[in-house]
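> You'll find final-v8.cif just under this line, and it carries mmCIF, C-alpha atoms.
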data_start
loop_
_atom_site.group_PDB
_atom_site.id
_atom_site.type_symbol
_atom_site.label_atom_id
_atom_site.label_comp_id
_atom_site.auth_asym_id
_atom_site.auth_seq_id
_atom_site.Cartn_x
_atom_site.Cartn_y
_atom_site.Cartn_z
ATOM 1 C CA MET A 1 9.959 -8.791 13.699
ATOM 2 C CA ARG A 2 6.987 -8.487 11.365
ATOM 3 C CA PRO A 3 7.886 -7.206 7.901
ATOM 4 C CA LEU A 4 6.640 -4.008 6.304
ATOM 5 C CA ARG A 5 5.637 -4.340 2.645
ATOM 6 C CA TYR A 6 5.145 -1.351 0.347
ATOM 7 C CA SER A 7 2.520 -2.241 -2.267
ATOM 8 C CA ILE A 8 1.206 -0.047 -5.051
ATOM 9 C CA ASN A 9 -0.200 0.014 -8.577
ATOM 10 C CA VAL A 10 2.195 1.620 -11.036
ATOM 11 C CA THR A 11 2.340 2.335 -14.775
ATOM 12 C CA LEU A 12 5.209 1.323 -17.047
ATOM 13 C CA ASP A 13 6.639 4.840 -16.696
ATOM 14 C CA ALA A 14 6.494 4.585 -12.868
ATOM 15 C CA CYS A 15 3.456 6.809 -12.372
ATOM 16 C CA CYS A 16 1.704 5.837 -9.168
ATOM 17 C CA HIS A 17 -1.253 8.207 -9.187
ATOM 18 C CA HIS A 18 -4.567 6.415 -8.696
ATOM 19 C CA GLU A 19 -6.071 8.356 -11.623
ATOM 20 C CA ALA A 20 -3.317 7.461 -14.122
ATOM 21 C CA GLY A 21 -5.435 5.050 -16.110
ATOM 22 C CA LEU A 22 -5.155 2.145 -13.697
ATOM 23 C CA PRO A 23 -8.752 0.966 -13.506
ATOM 24 C CA PRO A 24 -9.197 -2.045 -11.272
ATOM 25 C CA ASP A 25 -10.353 -5.269 -12.809
ATOM 26 C CA GLU A 26 -11.584 -8.428 -11.151
ATOM 27 C CA GLU A 27 -8.240 -10.222 -11.203
ATOM 28 C CA SER A 28 -6.227 -7.292 -9.823
ATOM 29 C CA MET A 29 -8.819 -6.738 -7.077
ATOM 30 C CA GLN A 30 -8.597 -10.430 -6.138
ATOM 31 C CA TYR A 31 -4.813 -10.129 -6.068
ATOM 32 C CA TRP A 32 -4.855 -7.070 -3.787
ATOM 33 C CA THR A 33 -7.534 -8.600 -1.562
ATOM 34 C CA ALA A 34 -5.324 -11.637 -0.966
ATOM 35 C CA GLN A 35 -2.284 -9.455 -0.277
ATOM 36 C CA LEU A 36 -4.150 -7.239 2.197
ATOM 37 C CA ALA A 37 -5.599 -10.277 3.964
ATOM 38 C CA GLU A 38 -2.046 -11.400 4.797
ATOM 39 C CA ALA A 39 -1.301 -8.181 6.702
ATOM 40 C CA ASP A 40 -1.982 -7.641 10.387
ATOM 41 C CA ALA A 41 -2.202 -3.901 9.871
ATOM 42 C CA LEU A 42 -2.296 -1.241 7.180
ATOM 43 C CA LEU A 43 -0.177 1.893 7.366
ATOM 44 C CA PHE A 44 -1.308 5.070 5.632
ATOM 45 C CA GLY A 45 -0.322 8.689 5.372
ATOM 46 C CA ARG A 46 -3.147 11.210 5.686
ATOM 47 C CA VAL A 47 -3.905 11.531 1.965
ATOM 48 C CA THR A 48 -4.037 7.777 1.338
ATOM 49 C CA TYR A 49 -6.071 7.195 4.507
ATOM 50 C CA GLU A 50 -8.671 9.782 3.469
ATOM 51 C CA MET A 51 -8.799 8.467 -0.111
ATOM 52 C CA MET A 52 -9.171 4.828 0.981
ATOM 53 C CA GLN A 53 -11.732 5.705 3.632
ATOM 54 C CA SER A 54 -13.893 7.627 1.160
ATOM 55 C CA ALA A 55 -13.901 4.695 -1.260
ATOM 56 C CA TRP A 56 -13.781 1.560 0.881
ATOM 57 C CA ARG A 57 -15.375 2.294 4.246
ATOM 58 C CA ARG A 58 -18.636 0.425 4.794
ATOM 59 C CA PRO A 59 -21.467 2.989 4.754
ATOM 60 C CA ALA A 60 -23.388 3.523 7.996
ATOM 61 C CA ALA A 61 -26.423 1.880 6.365
ATOM 62 C CA GLY A 62 -24.400 -1.348 6.241
ATOM 63 C CA THR A 63 -24.816 -1.993 2.517
ATOM 64 C CA TRP A 64 -22.186 -1.287 -0.080
ATOM 65 C CA PRO A 65 -22.960 1.469 -2.618
ATOM 66 C CA GLU A 66 -24.543 0.608 -5.965
ATOM 67 C CA TRP A 67 -21.436 1.645 -7.919
ATOM 68 C CA MET A 68 -19.467 -1.182 -6.303
ATOM 69 C CA THR A 69 -19.418 -4.390 -8.334
ATOM 70 C CA GLY A 70 -19.625 -7.792 -6.690
ATOM 71 C CA TRP A 71 -15.929 -8.487 -7.292
ATOM 72 C CA GLN A 72 -14.954 -5.263 -5.473
ATOM 73 C CA ILE A 73 -16.843 -6.166 -2.289
ATOM 74 C CA PRO A 74 -14.278 -8.690 -0.939
ATOM 75 C CA PHE A 75 -11.568 -6.007 -1.260
ATOM 76 C CA ALA A 76 -13.817 -3.437 0.416
ATOM 77 C CA GLU A 77 -14.628 -5.817 3.276
ATOM 78 C CA THR A 78 -10.964 -6.730 3.773
ATOM 79 C CA ILE A 79 -9.744 -3.153 3.923
ATOM 80 C CA ASP A 80 -12.759 -1.988 5.944
ATOM 81 C CA ARG A 81 -12.136 -4.425 8.808
ATOM 82 C CA ALA A 82 -8.321 -4.159 8.829
ATOM 83 C CA LYS A 83 -6.439 -2.480 11.661
ATOM 84 C CA LYS A 84 -5.024 0.797 10.371
ATOM 85 C CA TYR A 85 -2.307 3.182 11.512
ATOM 86 C CA VAL A 86 -2.289 6.711 10.135
ATOM 87 C CA VAL A 87 0.822 8.889 10.062
ATOM 88 C CA SER A 88 -0.115 12.559 10.060
ATOM 89 C CA ARG A 89 1.037 15.903 11.421
ATOM 90 C CA THR A 90 -2.295 17.572 10.640
ATOM 91 C CA LEU A 91 -4.994 15.136 11.748
ATOM 92 C CA THR A 92 -6.035 15.255 15.389
ATOM 93 C CA ASN A 93 -8.083 12.054 15.393
ATOM 94 C CA VAL A 94 -8.956 9.107 13.180
ATOM 95 C CA ASP A 95 -11.587 6.402 13.190
ATOM 96 C CA TRP A 96 -12.367 3.494 10.827
ATOM 97 C CA ASN A 97 -10.495 1.042 13.065
ATOM 98 C CA ALA A 98 -7.457 3.323 12.958
ATOM 99 C CA GLU A 99 -4.882 4.715 15.331
ATOM 100 C CA LEU A 100 -3.053 8.002 14.776
ATOM 101 C CA LEU A 101 0.764 7.934 14.787
ATOM 102 C CA GLN A 102 2.544 11.207 15.453
ATOM 103 C CA GLY A 103 6.044 12.142 16.504
ATOM 104 C CA ASP A 104 9.198 10.280 15.564
ATOM 105 C CA LEU A 105 8.328 8.199 12.480
ATOM 106 C CA GLU A 106 11.285 5.840 12.712
ATOM 107 C CA ARG A 107 10.628 5.014 16.367
ATOM 108 C CA ALA A 108 6.864 4.549 15.838
ATOM 109 C CA ILE A 109 7.285 2.203 12.864
ATOM 110 C CA THR A 110 10.111 0.264 14.513
ATOM 111 C CA GLN A 111 7.864 -0.317 17.536
ATOM 112 C CA LEU A 112 5.030 -1.527 15.290
ATOM 113 C CA LYS A 113 7.386 -3.869 13.450
ATOM 114 C CA GLN A 114 8.535 -5.366 16.764
ATOM 115 C CA GLN A 115 5.005 -6.405 17.678
ATOM 116 C CA PRO A 116 4.062 -10.013 16.948
ATOM 117 C CA GLY A 117 2.282 -10.705 13.702
ATOM 118 C CA GLU A 118 2.532 -11.685 10.069
ATOM 119 C CA GLY A 119 3.272 -8.295 8.564
ATOM 120 C CA MET A 120 2.196 -4.752 7.798
ATOM 121 C CA TRP A 121 1.268 -3.192 4.468
ATOM 122 C CA VAL A 122 1.862 0.415 3.412
ATOM 123 C CA GLY A 123 0.500 2.148 0.347
ATOM 124 C CA GLY A 124 0.615 5.649 -1.020
ATOM 125 C CA VAL A 125 3.378 7.907 -2.233
ATOM 126 C CA THR A 126 4.804 10.275 0.402
ATOM 127 C CA LEU A 127 4.905 8.030 3.478
ATOM 128 C CA PRO A 128 6.612 5.116 1.660
ATOM 129 C CA LEU A 129 9.314 7.511 0.438
ATOM 130 C CA GLY A 130 10.085 8.496 4.029
ATOM 131 C CA LEU A 131 10.038 4.858 5.143
ATOM 132 C CA ALA A 132 12.358 3.843 2.285
ATOM 133 C CA ASP A 133 14.765 6.646 3.186
ATOM 134 C CA LEU A 134 14.828 5.281 6.748
ATOM 135 C CA GLY A 135 15.441 1.721 5.519
ATOM 136 C CA LEU A 136 12.224 0.464 7.137
ATOM 137 C CA ILE A 137 10.641 -1.245 4.109
ATOM 138 C CA ASP A 138 11.252 -4.993 4.034
ATOM 139 C CA GLU A 139 9.467 -5.748 0.757
ATOM 140 C CA TYR A 140 8.476 -3.736 -2.294
ATOM 141 C CA GLU A 141 5.485 -4.969 -4.272
ATOM 142 C CA PHE A 142 4.475 -3.337 -7.537
ATOM 143 C CA LEU A 143 1.559 -4.233 -9.749
ATOM 144 C CA VAL A 144 2.892 -2.864 -13.036
ATOM 145 C CA HIS A 145 0.103 -2.079 -15.495
ATOM 146 C CA PRO A 146 0.598 -1.981 -19.280
ATOM 147 C CA VAL A 147 -0.079 1.765 -19.441
ATOM 148 C CA VAL A 148 2.180 4.762 -20.057
ATOM 149 C CA ALA A 149 0.738 7.731 -18.168
ATOM 150 C CA GLY A 150 3.172 10.429 -19.250
ATOM 151 C CA HIS A 151 2.429 12.525 -16.162
ATOM 152 C CA GLY A 152 1.774 12.370 -12.437
ATOM 153 C CA PRO A 153 3.775 11.454 -9.364
ATOM 154 C CA THR A 154 6.328 8.733 -9.899
ATOM 155 C CA LEU A 155 7.389 5.867 -7.715
ATOM 156 C CA LEU A 156 9.695 6.901 -4.866
ATOM 157 C CA ALA A 157 10.646 10.196 -6.537
ATOM 158 C CA GLY A 158 13.299 11.940 -4.442
ATOM 159 C CA LEU A 159 14.705 8.827 -2.770
ATOM 160 C CA ARG A 160 17.997 9.839 -1.129
ATOM 161 C CA GLU A 161 19.930 6.644 -1.824
ATOM 162 C CA ARG A 162 19.718 3.796 -4.268
ATOM 163 C CA VAL A 163 18.074 0.633 -2.874
ATOM 164 C CA PRO A 164 19.313 -2.537 -4.604
ATOM 165 C CA LEU A 165 16.566 -5.173 -4.694
ATOM 166 C CA ASP A 166 16.277 -8.910 -5.260
ATOM 167 C CA LEU A 167 13.209 -10.284 -7.058
ATOM 168 C CA VAL A 168 11.396 -12.793 -4.827
ATOM 169 C CA HIS A 169 8.065 -13.222 -6.639
ATOM 170 C CA ARG A 170 6.591 -12.560 -10.088
ATOM 171 C CA ARG A 171 3.072 -13.164 -11.350
ATOM 172 C CA GLU A 172 1.491 -12.211 -14.666
ATOM 173 C CA LEU A 173 -2.188 -11.270 -14.737
ATOM 174 C CA ARG A 174 -4.473 -11.830 -17.732
ATOM 175 C CA SER A 175 -4.723 -8.050 -18.238
ATOM 176 C CA GLY A 176 -1.002 -7.853 -18.991
ATOM 177 C CA ALA A 177 -0.222 -6.401 -15.573
ATOM 178 C CA VAL A 178 2.691 -8.005 -13.750
ATOM 179 C CA ALA A 179 2.969 -8.307 -9.971
ATOM 180 C CA LEU A 180 6.579 -8.016 -8.845
ATOM 181 C CA ARG A 181 7.781 -8.409 -5.265
ATOM 182 C CA TYR A 182 11.306 -7.508 -4.174
ATOM 183 C CA ARG A 183 13.352 -7.496 -0.979
ATOM 184 C CA PRO A 184 16.323 -5.251 -0.325
ATOM 185 C CA ALA A 185 19.447 -7.037 -1.502
ATOM 186 C CA GLN A 186 21.668 -8.401 1.232
ATOM 187 C CA ALA A 187 25.091 -6.816 1.254
ATOM 188 C CA THR A 188 27.883 -9.256 0.454
ATOM 189 C CA SER A 189 31.243 -8.925 2.107
#
Let me see the structure of the file written as structure tokens.


Amino acid sequence: MRPLRYSINVTLDACCHHEAGLPPDEESMQYWTAQLAEADALLFGRVTYEMMQSAWRRPAAGTWPEWMTGWQIPFAETIDRAKKYVVSRTLTNVDWNAELLQGDLERAITQLKQQPGEGMWVGGVTLPLGLADLGLIDEYEFLVHPVVAGHGPTLLAGLRERVPLDLVHRRELRSGAVALRYRPAQATS
């Protein structure tokens, strides 16, 4: 079974809004590029899919926009070519190498996880909450930035049950951000 990893940038006060003062830098973009490259597929809710597509889809002209720095291009290329699955009740079709998932979320994700491969990656806020409530997330990865936002949506707000986690990886970045990866703790009898 290929694992599903939830990965997201977050502030010290657990804000996970992309406009919460979490500007990408070269090292964090390299980190995320490497993480995305390990996934067979990306899983997005509608909002995250539309946001990522507007920022990271290769323009029809074939050249990246002028605002994009050279160190952002590897990330853009990685996410642009990745297989994507989009969970939405409102979209009727998707493109950008994506497939629309509708209906029973638990069944759809379980079927994806049973396919051969190295793993899937999910980002965003709403969809990961639903997946966590269903116990479908195999790893949680947070890039914690040294910023206190004081507002905005927070990480897994509204989770129905506590999820005990074991730390499996930690890496400090030069910016002061810390990448933390956890797996759900195994119950002991």

> Which of these residues is nearest to Met68 (chain A), using only C-alpha atoms: A:Leu180, A:Thr154, A:Asp104, A:Asp25?

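Smallest distance to Met68 (chain A) is found for A:Asp25.
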
> I need the output of the PyMOL selection byres ((chain A and resi 113) around 12) for this file as a list in words; which residues are they?

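This file gives the following for the PyMOL selection byres ((chain A and resi 113) around 12): Met1, Arg2, Pro3, Leu4, Arg5, Ala39, Asp40, Ala41, Leu42, Leu43, Glu106, Arg107, Ala108, Ile109, Thr110, Gln111, Leu112, Gln114, Gln115, Pro116, Gly117, Glu118, Gly119, Met120, Trp121, Leu136, Ile137 and Asp138 of chain A.
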
> Do a neighbour search on Phe44 (chain A) at 8 Å with all atoms listed in the file, toss out local chain neighbours closer than 6 positions, and write the hits as JSON, numbers by chain.

{"A": [84, 85, 86, 87, 122, 123, 124, 127]}

> Could you save the residues just selected, with C-alpha atoms, as a PDB file, keeping the file's coordinate frame?


ATOM      1  CA  LYS A  84      -5.024   0.797  10.371  1.00  0.00           C
ATOM      2  CA  TYR A  85      -2.307   3.182  11.512  1.00  0.00           C
ATOM      3  CA  VAL A  86      -2.289   6.711  10.135  1.00  0.00           C
ATOM      4  CA  VAL A  87       0.822   8.889  10.062  1.00  0.00           C
ATOM      5  CA  VAL A 122       1.862   0.415   3.412  1.00  0.00           C
ATOM      6  CA  GLY A 123       0.500   2.148   0.347  1.00  0.00           C
ATOM      7  CA  GLY A 124       0.615   5.649  -1.020  1.00  0.00           C
ATOM      8  CA  LEU A 127       4.905   8.030   3.478  1.00  0.00           C
TER       9      LEU A 127
END

> List the neighbours of Val125 (chain A) out to 8 Å using only C-alpha atoms; skip same-chain residues closer than 6 positions along the sequence, and give me the result as a list in words.

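Contacts, with the query itself left out: Cys16, Pro153, Leu155 and Leu156 of chain A.
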
> Name the residues that the PyMOL selection byres ((chain A and resi 167) around 10) picks from the file above, as a ChimeraX atom specification, using the file's chain letters and numbers.

/A:139-141,165-166,168-170,180-185

> Given the file above and the PyMOL selection byres ((chain A and resi 14) around 12), which residues are selected, and can you give them as a list of chain:residue names?

A:Ile8, A:Asn9, A:Val10, A:Thr11, A:Leu12, A:Asp13, A:Cys15, A:Cys16, A:His17, A:His18, A:Ala20, A:Leu22, A:Val125, A:Phe142, A:Leu143, A:Val144, A:His145, A:Pro146, A:Val147, A:Val148, A:Ala149, A:Gly150, A:His151, A:Gly152, A:Pro153, A:Thr154, A:Leu155, A:Leu156, A:Ala157

> Please determine, counting all atoms listed in the file, which residue among A:Leu134, A:Ala179, A:Leu100, A:Leu36 has the shortest atom-to-atom distance to Arg81 (chain A).

A:Leu36

> Of the residues A:Met29, A:Ala37, A:Ala82, A:Leu173, which is the one nearest to Gly70 (chain A), using all atoms listed in the file?

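Ranked by minimum distance to Gly70 (chain A), first place goes to A:Met29.
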
> Could N, CA and C atoms be built for region 92-119 of chain A and written out as a PDB file, in the coordinates of the input?


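The resulting file, result04.pdb, is shown below:
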ATOM      1  N   THR A  92      -6.016  15.323  13.927  1.00  0.00           N
ATOM      2  CA  THR A  92      -6.035  15.255  15.389  1.00  0.00           C
ATOM      3  C   THR A  92      -6.698  13.982  15.886  1.00  0.00           C
ATOM      4  N   ASN A  93      -7.487  13.341  15.038  1.00  0.00           N
ATOM      5  CA  ASN A  93      -8.083  12.054  15.393  1.00  0.00           C
ATOM      6  C   ASN A  93      -8.443  11.297  14.126  1.00  0.00           C
ATOM      7  N   VAL A  94      -8.572   9.989  14.283  1.00  0.00           N
ATOM      8  CA  VAL A  94      -8.956   9.107  13.180  1.00  0.00           C
ATOM      9  C   VAL A  94      -9.949   8.089  13.719  1.00  0.00           C
ATOM     10  N   ASP A  95     -10.704   7.508  12.819  1.00  0.00           N
ATOM     11  CA  ASP A  95     -11.587   6.402  13.190  1.00  0.00           C
ATOM     12  C   ASP A  95     -11.432   5.340  12.107  1.00  0.00           C
ATOM     13  N   TRP A  96     -12.434   4.555  11.825  1.00  0.00           N
ATOM     14  CA  TRP A  96     -12.367   3.494  10.827  1.00  0.00           C
ATOM     15  C   TRP A  96     -11.326   2.444  11.247  1.00  0.00           C
ATOM     16  N   ASN A  97     -11.403   2.037  12.502  1.00  0.00           N
ATOM     17  CA  ASN A  97     -10.495   1.042  13.065  1.00  0.00           C
ATOM     18  C   ASN A  97      -9.037   1.475  12.907  1.00  0.00           C
ATOM     19  N   ALA A  98      -8.786   2.761  13.174  1.00  0.00           N
ATOM     20  CA  ALA A  98      -7.457   3.323  12.958  1.00  0.00           C
ATOM     21  C   ALA A  98      -6.912   3.965  14.228  1.00  0.00           C
ATOM     22  N   GLU A  99      -5.597   4.051  14.245  1.00  0.00           N
ATOM     23  CA  GLU A  99      -4.882   4.715  15.331  1.00  0.00           C
ATOM     24  C   GLU A  99      -3.942   5.744  14.707  1.00  0.00           C
ATOM     25  N   LEU A 100      -3.887   6.920  15.292  1.00  0.00           N
ATOM     26  CA  LEU A 100      -3.053   8.002  14.776  1.00  0.00           C
ATOM     27  C   LEU A 100      -1.629   7.854  15.310  1.00  0.00           C
ATOM     28  N   LEU A 101      -0.647   7.954  14.408  1.00  0.00           N
ATOM     29  CA  LEU A 101       0.764   7.934  14.787  1.00  0.00           C
ATOM     30  C   LEU A 101       1.344   9.313  14.544  1.00  0.00           C
ATOM     31  N   GLN A 102       1.907   9.902  15.581  1.00  0.00           N
ATOM     32  CA  GLN A 102       2.544  11.207  15.453  1.00  0.00           C
ATOM     33  C   GLN A 102       3.887  11.161  16.155  1.00  0.00           C
ATOM     34  N   GLY A 103       4.729  12.110  15.866  1.00  0.00           N
ATOM     35  CA  GLY A 103       6.044  12.142  16.504  1.00  0.00           C
ATOM     36  C   GLY A 103       7.093  11.505  15.629  1.00  0.00           C
ATOM     37  N   ASP A 104       8.057  10.859  16.260  1.00  0.00           N
ATOM     38  CA  ASP A 104       9.198  10.280  15.564  1.00  0.00           C
ATOM     39  C   ASP A 104       8.762   9.079  14.717  1.00  0.00           C
ATOM     40  N   LEU A 105       8.786   9.235  13.399  1.00  0.00           N
ATOM     41  CA  LEU A 105       8.328   8.199  12.480  1.00  0.00           C
ATOM     42  C   LEU A 105       9.138   6.913  12.618  1.00  0.00           C
ATOM     43  N   GLU A 106      10.439   7.030  12.644  1.00  0.00           N
ATOM     44  CA  GLU A 106      11.285   5.840  12.712  1.00  0.00           C
ATOM     45  C   GLU A 106      11.002   5.038  13.981  1.00  0.00           C
ATOM     46  N   ARG A 107      10.892   5.707  15.099  1.00  0.00           N
ATOM     47  CA  ARG A 107      10.628   5.014  16.367  1.00  0.00           C
ATOM     48  C   ARG A 107       9.246   4.354  16.351  1.00  0.00           C
ATOM     49  N   ALA A 108       8.228   5.084  15.862  1.00  0.00           N
ATOM     50  CA  ALA A 108       6.864   4.549  15.838  1.00  0.00           C
ATOM     51  C   ALA A 108       6.767   3.301  14.962  1.00  0.00           C
ATOM     52  N   ILE A 109       7.367   3.347  13.784  1.00  0.00           N
ATOM     53  CA  ILE A 109       7.285   2.203  12.864  1.00  0.00           C
ATOM     54  C   ILE A 109       8.126   1.037  13.379  1.00  0.00           C
ATOM     55  N   THR A 110       9.283   1.323  13.934  1.00  0.00           N
ATOM     56  CA  THR A 110      10.111   0.264  14.513  1.00  0.00           C
ATOM     57  C   THR A 110       9.360  -0.447  15.628  1.00  0.00           C
ATOM     58  N   GLN A 111       8.654   0.303  16.467  1.00  0.00           N
ATOM     59  CA  GLN A 111       7.864  -0.317  17.536  1.00  0.00           C
ATOM     60  C   GLN A 111       6.751  -1.185  16.969  1.00  0.00           C
ATOM     61  N   LEU A 112       6.080  -0.717  15.924  1.00  0.00           N
ATOM     62  CA  LEU A 112       5.030  -1.527  15.290  1.00  0.00           C
ATOM     63  C   LEU A 112       5.605  -2.808  14.696  1.00  0.00           C
ATOM     64  N   LYS A 113       6.766  -2.696  14.061  1.00  0.00           N
ATOM     65  CA  LYS A 113       7.386  -3.869  13.450  1.00  0.00           C
ATOM     66  C   LYS A 113       7.810  -4.890  14.499  1.00  0.00           C
ATOM     67  N   GLN A 114       8.103  -4.457  15.711  1.00  0.00           N
ATOM     68  CA  GLN A 114       8.535  -5.366  16.764  1.00  0.00           C
ATOM     69  C   GLN A 114       7.376  -6.108  17.407  1.00  0.00           C
ATOM     70  N   GLN A 115       6.159  -5.699  17.132  1.00  0.00           N
ATOM     71  CA  GLN A 115       5.005  -6.405  17.678  1.00  0.00           C
ATOM     72  C   GLN A 115       4.833  -7.733  16.940  1.00  0.00           C
ATOM     73  N   PRO A 116       4.274  -8.730  17.628  1.00  0.00           N
ATOM     74  CA  PRO A 116       4.062 -10.013  16.948  1.00  0.00           C
ATOM     75  C   PRO A 116       3.056  -9.884  15.812  1.00  0.00           C
ATOM     76  N   GLY A 117       3.219 -10.708  14.812  1.00  0.00           N
ATOM     77  CA  GLY A 117       2.282 -10.705  13.702  1.00  0.00           C
ATOM     78  C   GLY A 117       2.933 -11.133  12.407  1.00  0.00           C
ATOM     79  N   GLU A 118       2.092 -11.210  11.388  1.00  0.00           N
ATOM     80  CA  GLU A 118       2.532 -11.685  10.069  1.00  0.00           C
ATOM     81  C   GLU A 118       3.169 -10.593   9.230  1.00  0.00           C
ATOM     82  N   GLY A 119       2.705  -9.363   9.361  1.00  0.00           N
ATOM     83  CA  GLY A 119       3.272  -8.295   8.564  1.00  0.00           C
ATOM     84  C   GLY A 119       2.361  -7.091   8.465  1.00  0.00           C
TER      85      GLY A 119
END
